[in-house]
Amino acid sequence: MKANLVNIEQKEIYPVEIEIENGKISKIKKIDEQLDTYILAGFVDAHIHIESSMLIPSEFAKLAVKHGTVATISDPHEIANVLGMKGVEFMVENGKKSGFKFHFGASPCVPATPFETSGAILTPENIKTLLERDDIYYLSEVMNFPGVINDDPDMLEKIEYAKQLNKPIDGHCPALTGDELTKYIGAGIQTDHECFMFNEAKEKLEKNMKVQIREGSAAKNYEELHNLIDEYYENLMFCSDDRHPNDLVKEHINSLVKRAIKDNHNLFKVLQIACINPIKHYNLDVGLLRVGDNADFIEVDNLEDFNIIKTFINGKIVYDGEVHLENVKIESINNFKALPKKEDEFKFLETTTYHIIDAIDHELITKEEIKNLDKVPNIEDDILIISVVNRYENTPPAVALIKGFGLKEGAIASSVAHDSHNIISVGCDFKSVTKAINKVIENKGGISVVTDNEIKSLKLEVAGLMSSEDGTLVANKYEEIDNFVKNNLKSKLDAPFMTLSFMALLVIPEIKLSDKGLFDGRTFQFIKEVRK
């Protein structure tokens with residue numbers, strides 16, 4: 001084929017004729033012709049949880065290749081919390097059959113903390129077993145940064161195995177700075193995707209950490225961090241972390257590339273971040289448009305909008321206006337034991353002082369508000385009920401208060417609740433919360449929204465996290481439910497279900513709710529309960 005080659009590393013663009021044999025680039029010849037299209041290395045998502053797309057890997061792939069993505073660095077942390085080693089194996093094997101280049105890691109924080117109930121535990125020996133495999137590429141995000149700082153032996157043993165096996169080590173340390181950051185990096189942590197402040201990211205870069213600029217469905221950090229690109233591009237990557245199916249239908253890493261170009265960042269620096277840096281950092285078997293490389297690249301019509309004409313993986317055209325990836329049959333796996341709940345199980349103590357979770361749009365962090373209240377919930381003041389129900393055992397629900405969702409009626413619920421994936425719900429009254437949670441229990445996983453008159457749900461039969469249905473179909477179903485929450489229940493959040501999924505993520509401050517109670521992510525201690 002003939003096109004203008006965008007040589008990212010040499011910072012040149014010139015017309016070439018390229019030949020492919022046996023899935024590899026056999027020849028690149030400069031030619032003297034005027035050509036209209038451009039070829040460049042494919043985009044790589046440097047950190048993503050495939051499960052958050054609500055799609056199995058083989059269905060995720062069909063949407064990603066439309067946007068020029070040829071590979072991902074994928075942390076199977078979500079399914080590992082539900083099903084342990086069996087869950088990781090499911091993701092790896094489905095990914096291998098997809099025709100896409102998934103690179104899964106070994107998740108060291110399963111469970112993320114001892115303050116919640118998860119479906120599985122990955123021990124240091126489990127992590128060692130995974131890291132010894134050629135198809136496990138790195139130690140996934142070390143979320144328990146307090147454990148690293150305080151020399152937790154379990155955490156340090158897992159990190160040590162990665163060092164011995166020369167596998168990269170991913171970090172997760174929001175707002176960590178100063179001496180504690182220095183110690184965390186000194187333990188061997190190499191990356192962080194949780195930066196949400198410019199100076200925080202700059203300090204990490206100056207301490208030789210690599211920063212992954214994240215733009216997902218909930219957490220959106222590009223705007224705060226993109227001015228790092230010109231000076232620090234050699235140590236930056238782009239990532240999604242968590243991207244819901246309706247967003248994946250619209251865009252992926254290509255959207256970050258377009259934004260950066262429109263913000264007047266240098267083309268070659270931006271493309272190095274999007275295409276080159278992840279491949280080199282994680283030692284991926286993904287081609288960089290050189291003779292002898294795997295033929296993994298994309299063809300675009302211009303270098304501003306990056307409209308994808310074709311996507312190649314191992315020399316095969318996987319997208320050219322149509323997707324050419326096969327359907328992969330699966331046997332569904334799950335771990336769901338919760339039984340239906342009764343409304344009288346969701347009750348508060350009679351008190352006037354409450355610790356309220358303040359959810360923030362586009363952020364994973366929350367704020368704590370302590371208020372004296374005579375009436376709970378209070379829809380007028382956006383003080384709503386939040387509950388987490390253990391999906392692995394039949395125990396009483398945890399109940400607290402939350403603001404920021406803006407619901408005016410009904411409730412929403414989901415079994416996608418980082419990181420242990422119990423059932424989480426936010427609602428305006430106990431009846432609606434009970435109804436929404438019981439719909440998820442009935443489906444053995446998924447999302448739901450209820451009002452007095454209606455109930456809508458999306459079943460996620462694979463681990464209560466993913467659907468095996470066609471990705472576009474799942475995206476359309478999800479978008480219908482998401483829009484119903486915003487239009488009918490009047491949620492003021494951009495992505496209410498994505499925000500909901502992080503309200504049980506205890507390792508992100510300030511306060512969150514687990515199935516065991518209200519938790520302070522700053523002190524790593526429970527807050528005095530406000531429920532019976």
# chains A, B, ... in the order shown; residues from 1 in each chain; ligands from 1

$ residues_around --residues "segment 31-40 of chain A" --least-positions-apart "3" --cutoff "7 Å" --atoms "only C-alpha atoms" --output "list of chain:residue names"
A:Ala3, A:Asn4, A:Leu5, A:Val6, A:Pro15, A:Val16, A:Glu17, A:Leu289, A:Phe297, A:Ile298, A:Glu299, A:Val300, A:Asp301, A:Asn302

$ residues_around --residues "Ser255 of chain A" --least-positions-apart "4" --cutoff "9 Å" --atoms "only C-alpha atoms" --output "JSON, numbers by chain"
{"A": [67, 251, 259, 260, 305, 306]}

$ write_last_selection --atoms "C-alpha atoms" --output "tab-separated table (two decimals), in the first residue's frame"
chain	number	residue	atom	x	y	z
A	67	HIS	CA	-11.00	4.40	16.71
A	251	GLU	CA	-14.32	7.62	20.89
A	259	ARG	CA	-7.75	17.41	21.66
A	260	ALA	CA	-4.02	17.69	22.19
A	305	ASP	CA	-9.19	14.94	13.00
A	306	PHE	CA	-7.50	11.52	12.59

$ closest_atom_pairs --of "segment 435-515 of chain A" --to "segment 173-187 of chain A" --cutoff "9 Å" --atoms "only C-alpha atoms" --output "Markdown table"
| residue | atom | partner | partner_atom | distance |
| --- | --- | --- | --- | --- |
| A:Val507 | CA | A:Cys173 | CA | 8.9 |
| A:Ile508 | CA | A:Pro174 | CA | 7.2 |
| A:Pro509 | CA | A:Pro174 | CA | 8.5 |

$ residues_around --residues "segment 366-368 of chain A" --least-positions-apart "2" --cutoff "9 Å" --atoms "only C-alpha atoms" --output "number ranges by chain"
A: 355-360, 363-364, 370, 503, 508-512, 520

$ write_last_selection --atoms "N, CA and C atoms" --output "mmCIF file, in the first residue's frame"
data_model
loop_
_atom_site.group_PDB
_atom_site.id
_atom_site.type_symbol
_atom_site.label_atom_id
_atom_site.label_comp_id
_atom_site.auth_asym_id
_atom_site.auth_seq_id
_atom_site.Cartn_x
_atom_site.Cartn_y
_atom_site.Cartn_z
ATOM 1 N N HIS A 355 -22.396 12.046 58.679
ATOM 2 C CA HIS A 355 -21.249 12.196 57.792
ATOM 3 C C HIS A 355 -21.759 11.933 56.372
ATOM 4 N N ILE A 356 -21.715 12.936 55.517
ATOM 5 C CA ILE A 356 -22.318 12.853 54.185
ATOM 6 C C ILE A 356 -21.213 12.770 53.132
ATOM 7 N N ILE A 357 -21.364 11.813 52.206
ATOM 8 C CA ILE A 357 -20.461 11.715 51.063
ATOM 9 C C ILE A 357 -20.871 12.769 50.037
ATOM 10 N N ASP A 358 -19.936 13.607 49.637
ATOM 11 C CA ASP A 358 -20.199 14.622 48.613
ATOM 12 C C ASP A 358 -19.540 14.173 47.314
ATOM 13 N N ALA A 359 -20.344 13.650 46.379
ATOM 14 C CA ALA A 359 -19.831 13.175 45.090
ATOM 15 C C ALA A 359 -19.551 14.361 44.176
ATOM 16 N N ILE A 360 -18.467 14.258 43.391
ATOM 17 C CA ILE A 360 -18.028 15.349 42.518
ATOM 18 C C ILE A 360 -18.025 14.858 41.074
ATOM 19 N N GLU A 363 -14.907 13.314 38.867
ATOM 20 C CA GLU A 363 -13.816 12.979 39.789
ATOM 21 C C GLU A 363 -14.150 11.698 40.547
ATOM 22 N N LEU A 364 -13.101 10.983 40.965
ATOM 23 C CA LEU A 364 -13.286 9.804 41.801
ATOM 24 C C LEU A 364 -13.219 10.161 43.277
ATOM 25 N N ILE A 370 -20.114 17.137 57.335
ATOM 26 C CA ILE A 370 -20.732 16.718 58.596
ATOM 27 C C ILE A 370 -21.819 17.727 58.928
ATOM 28 N N MET A 503 -18.302 5.075 44.357
ATOM 29 C CA MET A 503 -18.653 5.523 45.705
ATOM 30 C C MET A 503 -18.359 4.476 46.777
ATOM 31 N N ILE A 508 -9.795 5.716 47.485
ATOM 32 C CA ILE A 508 -9.846 7.090 46.977
ATOM 33 C C ILE A 508 -10.537 7.952 48.036
ATOM 34 N N PRO A 509 -9.845 8.940 48.614
ATOM 35 C CA PRO A 509 -10.440 9.778 49.658
ATOM 36 C C PRO A 509 -11.519 10.705 49.065
ATOM 37 N N GLU A 510 -12.343 11.370 49.897
ATOM 38 C CA GLU A 510 -12.177 11.417 51.340
ATOM 39 C C GLU A 510 -12.959 10.291 52.026
ATOM 40 N N ILE A 511 -14.273 10.202 51.768
ATOM 41 C CA ILE A 511 -15.033 9.124 52.400
ATOM 42 C C ILE A 511 -15.838 8.359 51.369
ATOM 43 N N LYS A 512 -16.016 7.068 51.623
ATOM 44 C CA LYS A 512 -16.780 6.173 50.764
ATOM 45 C C LYS A 512 -17.565 5.210 51.654
ATOM 46 N N ASP A 520 -13.359 6.254 56.063
ATOM 47 C CA ASP A 520 -12.525 7.433 55.845
ATOM 48 C C ASP A 520 -11.261 7.009 55.105
#

$ closest_atom_pairs --of "segment 35-105 of chain A" --to "segment 121-130 of chain A" --cutoff "12 Å" --atoms "only C-alpha atoms" --output "CSV"
residue,atom,partner,partner_atom,distance
A:Pro76,CA,A:Leu130,CA,11.8
A:His77,CA,A:Leu122,CA,10.2
A:Ile79,CA,A:Ile121,CA,11.4
A:Ala80,CA,A:Leu122,CA,7.9
A:Asn81,CA,A:Ile121,CA,7.1
A:Val82,CA,A:Ile121,CA,9.0
A:Leu83,CA,A:Ile121,CA,8.7
A:Gly84,CA,A:Ile121,CA,6.3
A:Met85,CA,A:Leu122,CA,7.4
A:Lys86,CA,A:Leu122,CA,10.9
A:Gly87,CA,A:Leu122,CA,11.2
A:Val88,CA,A:Leu130,CA,9.1
A:Glu89,CA,A:Leu130,CA,9.6
A:Val92,CA,A:Leu130,CA,11.1
A:Phe104,CA,A:Leu130,CA,10.0
A:Gly105,CA,A:Leu130,CA,8.1

$ residues_around --residues "Glu345 of chain A" --least-positions-apart "2" --cutoff "9 Å" --atoms "only C-alpha atoms" --output "VMD selection string"
chain A and resid 341 to 343 347 396 to 397 434 532

$ write_last_selection --atoms "N, CA and C atoms" --output "mmCIF file, in the first residue's frame"
data_model
loop_
_atom_site.group_PDB
_atom_site.id
_atom_site.type_symbol
_atom_site.label_atom_id
_atom_site.label_comp_id
_atom_site.auth_asym_id
_atom_site.auth_seq_id
_atom_site.Cartn_x
_atom_site.Cartn_y
_atom_site.Cartn_z
ATOM 1 N N LYS A 341 -33.760 -8.210 49.276
ATOM 2 C CA LYS A 341 -33.793 -7.464 50.529
ATOM 3 C C LYS A 341 -35.200 -6.909 50.784
ATOM 4 N N LYS A 342 -35.474 -6.649 52.070
ATOM 5 C CA LYS A 342 -36.727 -6.029 52.466
ATOM 6 C C LYS A 342 -36.481 -4.572 52.826
ATOM 7 N N GLU A 343 -37.497 -3.762 52.613
ATOM 8 C CA GLU A 343 -37.337 -2.325 52.828
ATOM 9 C C GLU A 343 -36.919 -1.986 54.247
ATOM 10 N N LYS A 347 -32.365 1.082 57.269
ATOM 11 C CA LYS A 347 -32.797 2.067 58.248
ATOM 12 C C LYS A 347 -31.610 2.789 58.885
ATOM 13 N N PRO A 396 -26.574 -7.663 56.571
ATOM 14 C CA PRO A 396 -27.372 -6.435 56.528
ATOM 15 C C PRO A 396 -26.735 -5.398 55.608
ATOM 16 N N PRO A 397 -27.542 -4.597 54.927
ATOM 17 C CA PRO A 397 -27.011 -3.535 54.065
ATOM 18 C C PRO A 397 -26.280 -2.467 54.876
ATOM 19 N N THR A 434 -34.640 -0.204 47.718
ATOM 20 C CA THR A 434 -34.874 -1.649 47.844
ATOM 21 C C THR A 434 -35.245 -2.256 46.494
ATOM 22 N N LYS A 532 -28.657 0.970 61.864
ATOM 23 C CA LYS A 532 -28.845 -0.101 62.831
ATOM 24 C C LYS A 532 -28.065 -1.335 62.404
#

$ atom_distance --atom1 "atom CA of Ser432 of chain A" --atom2 "atom CA of Gly446 of chain A"
16.5 Å

$ select_by_dssp --residues "segment 264-376 of chain A" --states "strand (DSSP E)" --output "ChimeraX atom specification"
/A:297-300,308-313,316-319,353-359,366-372

$ closest_residue --among "A:Asp429, A:Asp296, A:Asp230, A:Glu215" --to "Asp247 of chain A" --atoms "only C-alpha atoms"
A:Glu215

$ residues_around --residues "Ile56 of chain A" --least-positions-apart "4" --cutoff "7 Å" --atoms "only C-alpha atoms" --output "ChimeraX atom specification"
/A:51,60,466-468

$ residues_around --residues "Lys258 of chain A" --least-positions-apart "5" --cutoff "12 Å" --atoms "only C-alpha atoms" --output "JSON list (two decimals) with C-alpha atoms, in the first residue's frame"
[["chain", "number", "residue", "atom", "x", "y", "z"],
["A", 67, "HIS", "CA", -11.00, 4.40, 16.71],
["A", 222, "TYR", "CA", -6.74, 15.90, 30.51],
["A", 251, "GLU", "CA", -14.32, 7.62, 20.89],
["A", 252, "HIS", "CA", -11.23, 6.24, 22.56],
["A", 253, "ILE", "CA", -7.56, 7.33, 22.68],
["A", 263, "ASP", "CA", -4.52, 22.62, 21.92],
["A", 264, "ASN", "CA", -1.44, 23.28, 19.76],
["A", 265, "HIS", "CA", 0.77, 20.56, 21.18],
["A", 266, "ASN", "CA", 3.42, 19.21, 18.84],
["A", 267, "LEU", "CA", 2.14, 16.41, 16.60],
["A", 270, "VAL", "CA", 1.41, 13.78, 21.11],
["A", 271, "LEU", "CA", 1.78, 10.68, 18.95],
["A", 274, "ALA", "CA", -0.37, 7.82, 22.30],
["A", 302, "ASN", "CA", -5.63, 13.84, 7.97],
["A", 303, "LEU", "CA", -3.48, 14.74, 10.97],
["A", 304, "GLU", "CA", -5.98, 16.96, 12.74],
["A", 305, "ASP", "CA", -9.19, 14.94, 13.00],
["A", 306, "PHE", "CA", -7.50, 11.52, 12.59],
["A", 307, "ASN", "CA", -10.52, 9.97, 10.93]]

$ closest_residue --among "A:Glu21, A:Glu160, A:Glu461, A:Glu369" --to "Ile333 of chain A" --atoms "only C-alpha atoms"
A:Glu461

$ closest_atom_pairs --of "segment 451-504 of chain A" --to "segment 371-387 of chain A" --cutoff "12 Å" --atoms "only C-alpha atoms" --output "Markdown table"
| residue | atom | partner | partner_atom | distance |
| --- | --- | --- | --- | --- |
| A:Leu489 | CA | A:Ile379 | CA | 11.4 |
| A:Lys490 | CA | A:Asp382 | CA | 11.2 |
| A:Ser491 | CA | A:Asp382 | CA | 10.1 |
| A:Lys492 | CA | A:Asp382 | CA | 10.5 |
| A:Leu500 | CA | A:Ile386 | CA | 9.4 |
| A:Ser501 | CA | A:Ile386 | CA | 11.7 |
| A:Met503 | CA | A:Ile386 | CA | 8.9 |
| A:Ala504 | CA | A:Ser387 | CA | 9.5 |

$ write_last_selection --atoms "N, CA and C atoms" --output "short mmCIF file (atom, residue, chain, number, x, y, z; two decimals), in the first residue's frame"
data_model
loop_
_atom_site.label_atom_id
_atom_site.label_comp_id
_atom_site.auth_asym_id
_atom_site.auth_seq_id
_atom_site.Cartn_x
_atom_site.Cartn_y
_atom_site.Cartn_z
N LEU A 489 -35.10 11.15 36.21
CA LEU A 489 -34.78 11.28 37.63
C LEU A 489 -34.04 12.58 37.93
N LYS A 490 -33.62 13.28 36.85
CA LYS A 490 -33.01 14.61 36.93
C LYS A 490 -31.62 14.62 37.55
N SER A 491 -30.86 13.52 37.40
CA SER A 491 -29.48 13.53 37.89
C SER A 491 -28.69 14.62 37.19
N LYS A 492 -27.87 15.33 37.95
CA LYS A 492 -27.06 16.40 37.37
C LYS A 492 -25.65 15.93 37.02
N LEU A 500 -21.46 6.50 40.40
CA LEU A 500 -21.97 5.56 41.40
C LEU A 500 -20.99 4.43 41.66
N SER A 501 -20.38 3.92 40.60
CA SER A 501 -19.49 2.76 40.74
C SER A 501 -18.26 3.03 41.58
N MET A 503 -18.30 5.07 44.36
CA MET A 503 -18.65 5.52 45.71
C MET A 503 -18.36 4.48 46.78
N ALA A 504 -17.93 3.29 46.35
CA ALA A 504 -17.49 2.26 47.30
C ALA A 504 -15.98 2.00 47.19
#

$ select_by_dssp --residues "segment 58-239 of chain A" --states "alpha helix (DSSP H)" --output "MDAnalysis selection string"
chainID A and resid 58:64 77:83 85:96 124:131 145:149 153:164 178:186 198:206 222:225 229:232

$ write_last_selection --atoms "C-alpha atoms" --output "CSV table (one decimal), in the first residue's frame"
chain,number,residue,atom,x,y,z
A,58,SER,CA,-13.7,-9.7,22.3
A,59,GLU,CA,-16.6,-7.3,22.1
A,60,PHE,CA,-14.6,-4.4,23.5
A,61,ALA,CA,-12.1,-5.0,20.6
A,62,LYS,CA,-14.8,-4.5,18.0
A,63,LEU,CA,-15.5,-1.0,19.2
A,64,ALA,CA,-11.9,0.0,19.9
A,77,HIS,CA,-8.7,-6.1,38.8
A,78,GLU,CA,-12.5,-6.0,38.6
A,79,ILE,CA,-13.2,-9.6,37.7
A,80,ALA,CA,-10.3,-10.7,39.9
A,81,ASN,CA,-12.2,-9.2,42.9
A,82,VAL,CA,-15.2,-11.3,41.9
A,83,LEU,CA,-13.7,-14.6,40.8
A,85,MET,CA,-7.6,-16.5,39.3
A,86,LYS,CA,-10.6,-18.0,37.4
A,87,GLY,CA,-11.7,-14.4,36.4
A,88,VAL,CA,-8.2,-13.4,35.2
A,89,GLU,CA,-8.0,-16.6,33.1
A,90,PHE,CA,-11.3,-15.8,31.5
A,91,MET,CA,-10.1,-12.4,30.4
A,92,VAL,CA,-6.8,-13.6,29.1
A,93,GLU,CA,-8.3,-16.5,27.1
A,94,ASN,CA,-11.1,-14.4,25.6
A,95,GLY,CA,-8.6,-11.7,24.7
A,96,LYS,CA,-6.4,-14.2,22.9
A,124,PRO,CA,1.5,-13.4,46.9
A,125,GLU,CA,1.8,-16.9,45.6
A,126,ASN,CA,-1.1,-16.3,43.2
A,127,ILE,CA,0.6,-13.1,42.0
A,128,LYS,CA,3.9,-15.0,41.5
A,129,THR,CA,2.1,-17.7,39.5
A,130,LEU,CA,0.5,-15.1,37.3
A,131,LEU,CA,3.7,-13.0,36.8
A,145,PHE,CA,-0.3,2.9,48.7
A,146,PRO,CA,-0.6,3.2,52.5
A,147,GLY,CA,0.5,-0.5,52.7
A,148,VAL,CA,3.6,0.3,50.6
A,149,ILE,CA,4.4,3.3,52.7
A,153,PRO,CA,4.7,-7.5,54.0
A,154,ASP,CA,2.0,-8.9,51.7
A,155,MET,CA,2.2,-5.8,49.4
A,156,LEU,CA,6.0,-5.7,49.4
A,157,GLU,CA,6.3,-9.4,48.6
A,158,LYS,CA,4.1,-9.0,45.5
A,159,ILE,CA,6.2,-6.1,44.3
A,160,GLU,CA,9.3,-8.1,44.9
A,161,TYR,CA,8.1,-10.9,42.6
A,162,ALA,CA,7.6,-8.4,39.8
A,163,LYS,CA,11.1,-7.0,40.3
A,164,GLN,CA,12.6,-10.5,40.2
A,178,GLY,CA,6.5,14.6,49.4
A,179,ASP,CA,8.4,12.0,51.4
A,180,GLU,CA,5.5,9.5,51.2
A,181,LEU,CA,5.6,9.7,47.4
A,182,THR,CA,9.4,9.3,47.4
A,183,LYS,CA,9.1,6.1,49.5
A,184,TYR,CA,6.3,4.8,47.3
A,185,ILE,CA,8.3,5.3,44.1
A,186,GLY,CA,11.4,3.9,45.9
A,198,PHE,CA,-0.9,19.7,37.8
A,199,ASN,CA,1.7,20.1,40.5
A,200,GLU,CA,1.0,16.6,41.8
A,201,ALA,CA,1.7,15.2,38.3
A,202,LYS,CA,4.8,17.4,37.8
A,203,GLU,CA,6.3,16.2,41.1
A,204,LYS,CA,5.8,12.6,40.2
A,205,LEU,CA,7.4,13.2,36.8
A,206,GLU,CA,10.3,15.0,38.3
A,222,TYR,CA,-6.7,15.9,30.5
A,223,GLU,CA,-7.7,19.5,31.0
A,224,GLU,CA,-5.7,19.8,34.2
A,225,LEU,CA,-2.6,17.9,32.9
A,229,ILE,CA,3.0,17.5,27.3
A,230,ASP,CA,5.5,19.8,25.8
A,231,GLU,CA,8.2,19.3,28.5
A,232,TYR,CA,7.5,15.8,29.7

$ atom_distance --atom1 "atom CA of Val485 of chain A" --atom2 "atom CA of Ala112 of chain A"
29.3 Å

$ residues_around --residues "Met209 of chain A" --least-positions-apart "6" --cutoff "8 Å" --atoms "only C-alpha atoms" --output "PDB file with N, CA and C atoms, in the first residue's frame"
ATOM      1  N   ILE A 185       7.582   5.472  45.375  1.00  0.00           N
ATOM      2  CA  ILE A 185       8.345   5.270  44.136  1.00  0.00           C
ATOM      3  C   ILE A 185       9.572   4.408  44.412  1.00  0.00           C
ATOM      4  N   ILE A 189       7.544   1.375  42.266  1.00  0.00           N
ATOM      5  CA  ILE A 189       6.358   1.763  41.499  1.00  0.00           C
ATOM      6  C   ILE A 189       6.776   2.715  40.381  1.00  0.00           C
ATOM      7  N   GLN A 190       6.292   2.465  39.171  1.00  0.00           N
ATOM      8  CA  GLN A 190       6.801   3.181  37.997  1.00  0.00           C
ATOM      9  C   GLN A 190       5.820   4.150  37.351  1.00  0.00           C
ATOM     10  N   THR A 191       4.518   3.965  37.557  1.00  0.00           N
ATOM     11  CA  THR A 191       3.527   4.792  36.861  1.00  0.00           C
ATOM     12  C   THR A 191       2.443   5.253  37.831  1.00  0.00           C
ATOM     13  N   ASP A 192       1.683   6.260  37.399  1.00  0.00           N
ATOM     14  CA  ASP A 192       0.464   6.634  38.111  1.00  0.00           C
ATOM     15  C   ASP A 192      -0.539   7.223  37.130  1.00  0.00           C
ATOM     16  N   ASN A 235       7.740  10.887  29.074  1.00  0.00           N
ATOM     17  CA  ASN A 235       7.325  10.075  30.221  1.00  0.00           C
ATOM     18  C   ASN A 235       5.823  10.166  30.484  1.00  0.00           C
TER      19      ASN A 235
END

$ closest_residue --among "A:Asp482, A:Asn438, A:Val291, A:Ile273" --to "Ile28 of chain A" --atoms "only C-alpha atoms"
A:Val291

$ closest_residue --among "A:Phe405, A:Tyr282, A:Phe502, A:Phe115" --to "Ala71 of chain A" --atoms "only C-alpha atoms"
A:Tyr282

$ closest_residue --among "A:His226, A:Ser53, A:Ser457, A:Asp45" --to "Lys262 of chain A" --atoms "only C-alpha atoms"
A:His226

$ atom_distance --atom1 "atom CA of Leu518 of chain A" --atom2 "atom CA of His49 of chain A"
25.4 Å
